[in-house]
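J.: My structure file run_5.cif, mmCIF, C-alpha atoms, is below:
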data_data
#
loop_
_atom_site.label_atom_id
_atom_site.label_comp_id
_atom_site.auth_asym_id
_atom_site.auth_seq_id
_atom_site.Cartn_x
_atom_site.Cartn_y
_atom_site.Cartn_z
CA MET M 27 29.63 -91.11 77.85
CA LEU M 28 29.00 -87.58 78.90
CA THR M 29 28.26 -85.23 76.05
CA LEU M 30 27.83 -81.55 76.45
CA LYS M 31 25.23 -79.65 74.55
CA ASP M 32 25.75 -76.03 73.74
CA PRO M 33 25.25 -74.01 76.92
CA ASP M 34 21.98 -72.19 77.15
CA ILE M 35 22.75 -68.64 76.30
CA PRO M 36 20.02 -66.28 77.48
CA PHE M 37 18.37 -64.79 74.46
CA GLY M 38 15.82 -62.08 74.36
CA VAL M 39 16.21 -60.96 77.97
CA GLY M 40 17.54 -57.87 79.65
CA PHE M 41 18.49 -57.10 83.24
CA SER M 42 18.00 -53.96 85.27
CA CYS M 43 18.55 -53.00 88.89
CA GLN M 44 15.93 -50.82 90.56
CA THR M 45 15.18 -49.87 94.14
CA HIS M 46 11.91 -50.19 96.00
CA LEU M 47 11.74 -46.41 96.45
CA ALA M 48 12.50 -45.70 92.78
CA VAL M 49 9.70 -48.08 91.78
CA LEU M 50 7.28 -46.22 94.06
CA VAL M 51 8.34 -42.83 92.70
CA ASN M 52 8.28 -44.04 89.09
CA GLU M 53 4.78 -45.40 89.65
CA PHE M 54 3.76 -42.04 91.15
CA LEU M 55 5.18 -40.08 88.21
CA HIS M 56 4.38 -42.37 85.28
CA PRO M 57 1.86 -45.02 86.40
CA GLY M 58 2.45 -48.36 84.65
CA ARG M 59 5.33 -46.99 82.53
CA PHE M 60 8.94 -47.24 83.70
CA TYR M 61 11.95 -45.31 82.48
CA CYS M 62 14.43 -48.17 82.52
CA TRP M 63 18.09 -48.73 81.62
CA TYR M 64 19.14 -52.34 81.16
CA ALA M 65 21.90 -54.64 79.96
CA THR M 66 21.54 -57.99 78.19
CA GLU M 67 23.85 -59.61 80.76
CA LEU M 68 23.25 -59.63 84.49
CA ASN M 69 26.97 -59.11 84.99
CA ALA M 70 27.55 -56.58 82.21
CA PHE M 71 31.25 -56.43 83.01
CA ALA M 72 32.24 -54.31 80.00
CA ASN M 73 29.94 -51.51 81.15
CA GLY M 74 31.83 -50.76 84.34
CA ASP M 75 30.30 -51.03 87.80
CA SER M 76 28.03 -48.01 87.47
CA SER M 77 26.14 -49.54 84.51
CA ASN M 78 26.28 -53.18 85.56
CA PRO M 79 23.02 -54.55 87.07
CA VAL M 80 24.66 -57.02 89.44
CA SER M 81 27.27 -54.51 90.65
CA LEU M 82 24.54 -51.98 91.34
CA TYR M 83 22.53 -54.63 93.18
CA LEU M 84 25.46 -55.66 95.39
CA THR M 85 26.47 -52.07 96.18
CA ILE M 86 22.95 -51.03 97.14
CA ASP M 87 22.21 -54.27 98.99
CA ARG M 88 25.34 -53.90 101.13
CA ALA M 89 24.38 -50.32 102.01
CA VAL M 90 20.83 -51.33 102.94
CA LYS M 91 22.07 -54.26 105.07
CA ALA M 92 24.88 -52.33 106.77
CA PRO M 93 24.87 -52.41 110.58
CA MET M 94 22.73 -49.97 112.54
CA GLY M 95 19.85 -50.01 110.06
CA GLY M 96 21.75 -49.30 106.86
CA ASP M 97 24.26 -46.79 105.54
CA ALA M 98 22.43 -43.59 104.59
CA ASN M 99 25.76 -41.97 103.70
CA ASN M 100 26.69 -44.58 101.11
CA PRO M 101 27.42 -42.64 97.88
CA LYS M 102 25.06 -44.80 95.80
CA ILE M 103 22.22 -44.31 98.28
CA LYS M 104 22.80 -40.56 98.15
CA ASP M 105 22.90 -40.64 94.35
CA ILE M 106 19.57 -42.51 94.22
CA ARG M 107 18.00 -40.19 96.79
CA THR M 108 19.02 -37.02 94.95
CA ASN M 109 17.98 -38.43 91.57
CA LEU M 110 14.51 -39.19 92.94
CA MET M 111 14.22 -35.71 94.46
CA ARG M 112 15.36 -34.19 91.18
CA ALA M 113 12.87 -36.23 89.11
CA LEU M 114 9.99 -35.27 91.39
CA GLU M 115 11.02 -31.62 91.37
CA ARG M 116 11.24 -31.53 87.57
CA GLU M 117 8.09 -33.48 86.83
CA LEU M 118 5.75 -32.14 89.50
CA LYS M 119 6.59 -28.44 89.64
CA GLY M 120 3.45 -26.69 88.46
CA ARG M 121 1.41 -29.90 88.71
CA LEU M 122 1.31 -30.19 92.49
CA SER M 123 0.54 -27.44 94.96
CA ASN M 124 3.56 -25.76 96.49
CA SER M 125 2.97 -27.38 99.88
CA ALA M 126 2.42 -30.85 98.38
CA LEU M 127 5.63 -30.58 96.36
CA ARG M 128 7.59 -29.48 99.43
CA GLN M 129 6.19 -32.40 101.40
CA THR M 130 7.03 -34.86 98.61
CA ILE M 131 10.63 -33.68 98.37
CA LYS M 132 11.02 -33.87 102.15
CA VAL M 133 9.63 -37.43 102.21
CA ILE M 134 12.38 -38.57 99.82
CA ALA M 135 15.11 -36.56 101.58
CA THR M 136 14.31 -38.25 104.88
CA ALA M 137 13.25 -41.72 103.65
CA ASP M 138 14.78 -44.55 105.66
CA VAL M 139 17.54 -46.52 103.92
CA GLN M 140 15.38 -49.65 104.04
CA TYR M 141 13.21 -48.11 101.30
CA PHE M 142 16.26 -48.38 99.01
CA ARG M 143 16.32 -52.18 99.00
CA PRO M 144 17.27 -53.26 95.49
CA GLN M 145 15.44 -55.39 92.94
CA VAL M 146 16.68 -57.14 89.82
CA TRP M 147 14.32 -57.05 86.87
CA LYS M 148 14.34 -59.47 83.96
CA LEU M 149 13.01 -57.78 80.85
CA LYS M 150 11.18 -59.80 78.20
CA LEU M 151 12.78 -58.26 75.15
CA SER M 152 10.64 -60.31 72.77
CA ARG M 153 7.68 -58.19 73.90
CA ILE M 154 9.49 -54.88 73.36
CA ASP M 155 9.64 -53.60 69.80
CA SER M 156 13.18 -52.62 68.85
CA SER M 157 11.93 -49.16 67.83
CA ARG M 158 11.41 -48.46 71.56
CA VAL M 159 14.99 -49.39 72.49
CA GLU M 160 17.81 -46.83 72.51
CA ARG M 161 21.51 -47.64 72.80
CA GLY M 162 23.63 -46.17 75.57
CA LYS M 163 27.28 -45.20 75.71
CA PHE M 164 28.55 -48.64 76.72
CA SER M 165 28.46 -51.79 74.60
CA ASP M 166 25.73 -53.49 76.65
CA GLU M 167 23.60 -50.57 77.75
CA TYR M 168 20.07 -49.87 76.54
CA LEU M 169 17.12 -47.67 77.44
CA VAL M 170 13.36 -48.20 77.25
CA ARG M 171 11.51 -45.04 78.18
CA ASP M 172 8.08 -46.63 78.59
CA LEU M 173 8.53 -50.14 79.95
CA ALA M 174 5.16 -51.69 80.85
CA ASP M 175 4.43 -53.91 83.87
CA SER M 176 3.83 -56.88 81.57
CA GLU M 177 7.27 -56.56 79.97
CA PHE M 178 9.39 -57.53 82.98
CA ASP M 179 9.51 -59.80 86.02
CA VAL M 180 11.09 -58.98 89.36
CA ILE M 181 13.48 -61.92 89.81
CA VAL M 182 15.32 -60.70 92.94
CA GLY M 183 14.02 -58.45 95.66
CA MET V 187 13.53 -12.65 103.01
CA PRO V 188 14.04 -15.61 105.37
CA LEU V 189 15.89 -18.70 104.18
CA ASP V 190 13.67 -20.98 102.07
CA ALA V 191 14.98 -24.53 102.51
CA TYR V 192 12.86 -25.92 99.67
CA LYS V 193 14.12 -23.36 97.13
CA LEU V 194 17.70 -23.92 98.27
CA ALA V 195 17.32 -27.70 97.98
CA SER V 196 15.86 -27.29 94.49
CA ALA V 197 18.73 -25.00 93.43
CA TYR V 198 21.38 -27.33 94.85
CA LEU V 199 19.76 -30.25 93.02
CA LYS V 200 20.22 -28.30 89.76
CA LEU V 201 23.88 -27.57 90.55
CA TRP V 202 24.49 -31.21 91.48
CA LYS V 203 22.83 -32.60 88.35
CA ALA V 204 24.70 -30.16 86.07
CA LEU V 205 27.93 -31.90 87.16
CA ASP V 206 26.47 -35.38 87.67
CA VAL V 207 25.57 -35.76 83.98
CA TYR V 208 29.29 -36.04 83.16
CA PHE V 209 29.79 -39.10 85.41
CA ASP V 210 29.58 -42.64 83.99
CA GLY V 211 26.41 -44.49 84.82
CA HIS V 212 24.48 -41.48 86.11
CA GLN V 213 21.60 -42.36 83.76
CA TRP V 214 20.95 -45.74 85.40
CA LEU V 215 19.63 -44.00 88.50
CA GLU V 216 17.49 -41.42 86.69
CA LEU V 217 13.72 -41.58 86.25
CA VAL V 218 13.62 -38.79 83.70
CA PRO V 219 16.13 -38.06 80.92
CA GLU V 220 18.78 -35.46 81.68
CA ASP V 221 21.28 -33.86 79.31
CA SER V 222 24.21 -31.52 79.73
CA SER V 223 22.87 -28.64 77.64
CA SER V 224 19.55 -28.33 79.49
CA THR V 225 21.18 -28.68 82.90
CA ALA V 226 23.72 -25.98 81.96
CA ASN V 227 20.85 -23.71 80.87
CA GLU V 228 19.26 -24.20 84.27
CA ILE V 229 22.45 -23.00 85.94
CA ASN V 230 22.57 -19.90 83.72
CA GLU V 231 18.96 -19.10 84.68
CA LEU V 232 19.76 -19.69 88.34
CA PHE V 233 22.71 -17.29 88.16
CA ASN V 234 20.41 -14.52 86.89
CA ALA V 235 17.60 -15.28 89.34
CA ASP V 236 16.66 -13.54 92.59
CA LEU V 237 18.61 -15.49 95.21
CA SER V 238 17.18 -13.80 98.27
CA PHE V 239 15.85 -17.18 99.43
CA ALA V 240 19.43 -18.23 100.27
CA ASP V 241 20.97 -17.80 103.71
CA ASP V 242 23.89 -15.93 102.09
CA PRO V 243 22.86 -14.83 98.56
CA LYS V 244 26.29 -13.45 97.62
CA ARG V 245 28.11 -16.63 98.59
CA PHE V 246 25.49 -18.72 96.81
CA ARG V 247 25.83 -16.66 93.61
CA ASP V 248 29.60 -17.16 93.83
CA GLU V 249 29.03 -20.93 94.01
CA ILE V 250 26.84 -20.77 90.91
CA ALA V 251 29.41 -18.63 89.05
CA ARG V 252 32.14 -21.11 89.98
CA THR V 253 30.00 -23.96 88.63
CA LEU V 254 29.38 -22.10 85.35
CA LEU V 255 33.12 -21.59 84.89
CA PHE V 256 33.71 -25.23 85.70
CA LEU V 257 31.11 -26.37 83.17
CA LYS V 258 32.83 -24.32 80.45
CA GLN V 259 36.19 -26.01 81.01
CA GLU V 260 37.40 -28.39 78.30
CA PRO V 261 38.35 -31.14 78.02
CA LYS V 262 36.22 -32.87 80.62
CA ASN V 263 38.83 -35.56 81.16
CA THR V 264 39.64 -37.70 84.20
CA ARG V 265 41.32 -34.75 85.91
CA TRP V 266 38.18 -32.64 85.41
CA ILE V 267 36.05 -35.47 86.75
CA SER V 268 38.14 -35.83 89.90
CA GLU V 269 37.86 -32.09 90.57
CA ALA V 270 34.14 -32.09 89.74
CA GLU V 271 33.59 -34.93 92.22
CA VAL V 272 34.38 -32.65 95.16
CA LEU V 273 31.94 -29.98 94.05
CA ARG V 274 29.29 -32.51 93.06
CA THR V 275 29.41 -34.16 96.49
CA TYR V 276 29.17 -30.77 98.23
CA PHE V 277 26.08 -29.79 96.19
CA GLN V 278 24.49 -33.18 96.82
CA ASN V 279 25.01 -32.92 100.58
CA GLN V 280 23.56 -29.41 100.57
CA ALA V 281 20.50 -30.56 98.60
CA ILE V 282 19.80 -33.42 101.01
CA ARG V 283 20.42 -31.22 104.04
CA PHE V 284 18.12 -28.39 102.96
CA ALA V 285 15.42 -30.79 101.71
CA GLY V 286 15.44 -32.42 105.13
CA ASP V 287 15.04 -28.97 106.70
CA ILE V 288 11.92 -28.10 104.70
CA VAL V 289 9.29 -26.85 107.12
CA LEU V 290 5.84 -28.06 106.17
CA THR V 291 2.89 -25.76 106.71
CA MET V 292 1.44 -28.06 109.35
CA GLU V 293 4.73 -27.98 111.29
CA LYS V 294 5.85 -25.27 113.62
CA PRO V 295 9.51 -24.21 113.17
CA ALA V 296 11.78 -25.43 115.96
#
How would this structure read if it were set down as structure tokens?

T.:
Amino acid sequence: MLTLKDPDIPFGVGFSCQTHLAVLVNEFLHPGRFYCWYATELNAFANGDSSNPVSLYLTIDRAVKAPMGGDANNPKIKDIRTNLMRALERELKGRLSNSALRQTIKVIATADVQYFRPQVWKLKLSRIDSSRVERGKFSDEYLVRDLADSEFDVIVG
Amino acid sequence: MPLDAYKLASAYLKLWKALDVYFDGHQWLELVPEDSSSTANEINELFNADLSFADDPKRFRDEIARTLLFLKQEPKNTRWISEAEVLRTYFQNQAIRFAGDIVLTMEKPA
């Protein structure tokens, strides 16, 4: 007779969607420490598409894999690009020389879409003290401002 | 003063982010925390700054003034969001365009 055990419900994990370029910029700005939003479900349906790791992954992946080398005009690609430019501008003004900052901003503005290929991260919440976790606006939305390399695995990408 | 593409890109990034913070999910793509009061302060400072780096300073100051008025509107409901989307997209396109036009010191202008 077939008997069903309780389904394995993931416990103590979180999921985030990042892009290759964002990882590079994050590493440049805050080496070894990532500013990371996550949900406890890969398909955090209640959050809406903009805060759902798998929706973000699919949207970005489609744009990167679009014909003719990717869709640079995809709204999500443009949002990521401008957020990275903004973060660099805010964090590096006064720390980099004027010419180095200009060059850095231009590099992001003109980066090929292939640099935006997405990743899915699986966070090991058991290693993250709850005092470091902040709640977001949606029911399954959380922030860790200083996620360490050892606290997540890249499971896709 | 000739147009400074870097300063224009930086200013348009501020205008874009001041609106972007009201859109759901914006924070998932950020690498640094952003909030509506500090971004609004940036726009106030920009309005009072020397804008001679712009190709058309008067038109650019008008765009900033329009954004300030827009940010003061309440409530920021779905109608506000749909109107803000047009302006936000325009500022974003301008930021990307001018950032791509930045002339590096090693480069000779076309």

J.: Using the chain letters and residue numbers of this document, give as an NGL selection string the residues selected by the PyMOL selection byres ((chain V) within 8 of (chain M)).

T.: :V and (192 or 196 or 199-200 or 210-218 or 278 or 281-283 or 285-288 or 290-291)

J.: Grab the residues selected above and save them as a tab-separated table (two decimals), keeping the file's coordinate frame with C-alpha atoms.

T.:
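out.tsv was written with the following content:
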chain	number	residue	atom	x	y	z
V	192	TYR	CA	12.86	-25.92	99.67
V	196	SER	CA	15.86	-27.29	94.49
V	199	LEU	CA	19.76	-30.25	93.02
V	200	LYS	CA	20.22	-28.30	89.76
V	210	ASP	CA	29.58	-42.64	83.99
V	211	GLY	CA	26.41	-44.49	84.82
V	212	HIS	CA	24.48	-41.48	86.11
V	213	GLN	CA	21.60	-42.36	83.76
V	214	TRP	CA	20.95	-45.74	85.40
V	215	LEU	CA	19.63	-44.00	88.50
V	216	GLU	CA	17.49	-41.42	86.69
V	217	LEU	CA	13.72	-41.58	86.25
V	218	VAL	CA	13.62	-38.79	83.70
V	278	GLN	CA	24.49	-33.18	96.82
V	281	ALA	CA	20.50	-30.56	98.60
V	282	ILE	CA	19.80	-33.42	101.01
V	283	ARG	CA	20.42	-31.22	104.04
V	285	ALA	CA	15.42	-30.79	101.71
V	286	GLY	CA	15.44	-32.42	105.13
V	287	ASP	CA	15.04	-28.97	106.70
V	288	ILE	CA	11.92	-28.10	104.70
V	290	LEU	CA	5.84	-28.06	106.17
V	291	THR	CA	2.89	-25.76	106.71

J.: Do you have the atom CA of V:Lys203-atom CA of V:Phe239 distance handy?

T.: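 If I compute the distance from atom CA of V:Lys203 to atom CA of V:Phe239, I get 20.2 Å.
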
J.: Which is closest to V:Glu249 among V:Ser222, V:Glu271, V:Pro261, V:Leu237, if we use only C-alpha atoms?

T.: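 Looking only at the distances to V:Glu249, the closest residue turns out to be V:Leu237.
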
J.: Tell me, in Å to one decimal, how far atom CA of V:Arg265 is from atom CA of V:Val207.

T.: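 Atom CA of V:Val207 lies at a distance of 15.9 Å from atom CA of V:Arg265.
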
J.: Taking (15.0, -18.0, 103.4) in the file's coordinates, which residues come within 7 Å, counting only C-alpha atoms, written as a list in words?

T.: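 Here the neighbourhood of the point contains Met187, Pro188, Leu189, Asp190, Ala191, Ser238, Phe239, Ala240 and Asp241 of chain V.
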
J.: Store the residues picked out above in a file with C-alpha atoms, as a short mmCIF file (atom, residue, chain, number, x, y, z; two decimals), keeping the file's coordinate frame.

T.:
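part-v7.cif, freshly written:
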data_model
loop_
_atom_site.label_atom_id
_atom_site.label_comp_id
_atom_site.auth_asym_id
_atom_site.auth_seq_id
_atom_site.Cartn_x
_atom_site.Cartn_y
_atom_site.Cartn_z
CA MET V 187 13.53 -12.65 103.01
CA PRO V 188 14.04 -15.61 105.37
CA LEU V 189 15.89 -18.70 104.18
CA ASP V 190 13.67 -20.98 102.07
CA ALA V 191 14.98 -24.53 102.51
CA SER V 238 17.18 -13.80 98.27
CA PHE V 239 15.85 -17.18 99.43
CA ALA V 240 19.43 -18.23 100.27
CA ASP V 241 20.97 -17.80 103.71
#

J.: What's around stretch 140-155 of chain M at 7 Å? Count all atoms listed in the file, leave out sequence neighbours fewer than 5 positions away in its own chain, and write the answer as a list in words.

T.: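 Those residues are Gly38, Val39, Gly40, Phe41, Ser42, Cys43, Gln44, Thr45, His46, Leu47, Tyr83, Ile86, Asp87, Val90, Gly96, Glu177, Phe178, Asp179, Val180, Ile181, Val182 and Gly183 of chain M.
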
J.: Taking all atoms of stretch 250-256 of chain V that the file lists and extending 4 Å past them on each side, where is the centre of the axis-aligned box and how long are its edges? Answer in Å to one decimal, as JSON.

T.:
{"center_x": 30.3, "center_y": -21.9, "center_z": 87.9, "size_x": 14.9, "size_y": 14.6, "size_z": 14.0}

J.: Enter the distance from atom CA of V:Lys258 to atom CA of V:Ala226, in Å, rounded to one decimal.

T.: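 Taking atom CA of V:Lys258 as the start and atom CA of V:Ala226 as the end point, the length is 9.4 Å.
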
J.: Name the closest residue to M:Asp138 among the candidates M:Glu53, M:Asp97, M:Glu160, M:Asp166; distances are taken between atoms, counting only C-alpha atoms.

T.: M:Asp97

J.: Using only C-alpha atoms - which residues lie no farther than 10 Å from the point (27.8, -18.8, 86.5) in the file's frame? Write them as a list in words.

T.: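 Residues found, by chain and rising number: Ala226, Ile229, Asn230, Glu231, Leu232, Phe233, Asn234, Arg247, Asp248, Glu249, Ile250, Ala251, Arg252, Thr253, Leu254, Leu255, Phe256, Leu257 and Lys258 of chain V.
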
J.: Would you put the residues from that selection into a file with C-alpha atoms, as a tab-separated table (two decimals), in the frame of the given file?

T.:
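The result, written out as result38.tsv:
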chain	number	residue	atom	x	y	z
V	226	ALA	CA	23.72	-25.98	81.96
V	229	ILE	CA	22.45	-23.00	85.94
V	230	ASN	CA	22.57	-19.90	83.72
V	231	GLU	CA	18.96	-19.10	84.68
V	232	LEU	CA	19.76	-19.69	88.34
V	233	PHE	CA	22.71	-17.29	88.16
V	234	ASN	CA	20.41	-14.52	86.89
V	247	ARG	CA	25.83	-16.66	93.61
V	248	ASP	CA	29.60	-17.16	93.83
V	249	GLU	CA	29.03	-20.93	94.01
V	250	ILE	CA	26.84	-20.77	90.91
V	251	ALA	CA	29.41	-18.63	89.05
V	252	ARG	CA	32.14	-21.11	89.98
V	253	THR	CA	30.00	-23.96	88.63
V	254	LEU	CA	29.38	-22.10	85.35
V	255	LEU	CA	33.12	-21.59	84.89
V	256	PHE	CA	33.71	-25.23	85.70
V	257	LEU	CA	31.11	-26.37	83.17
V	258	LYS	CA	32.83	-24.32	80.45
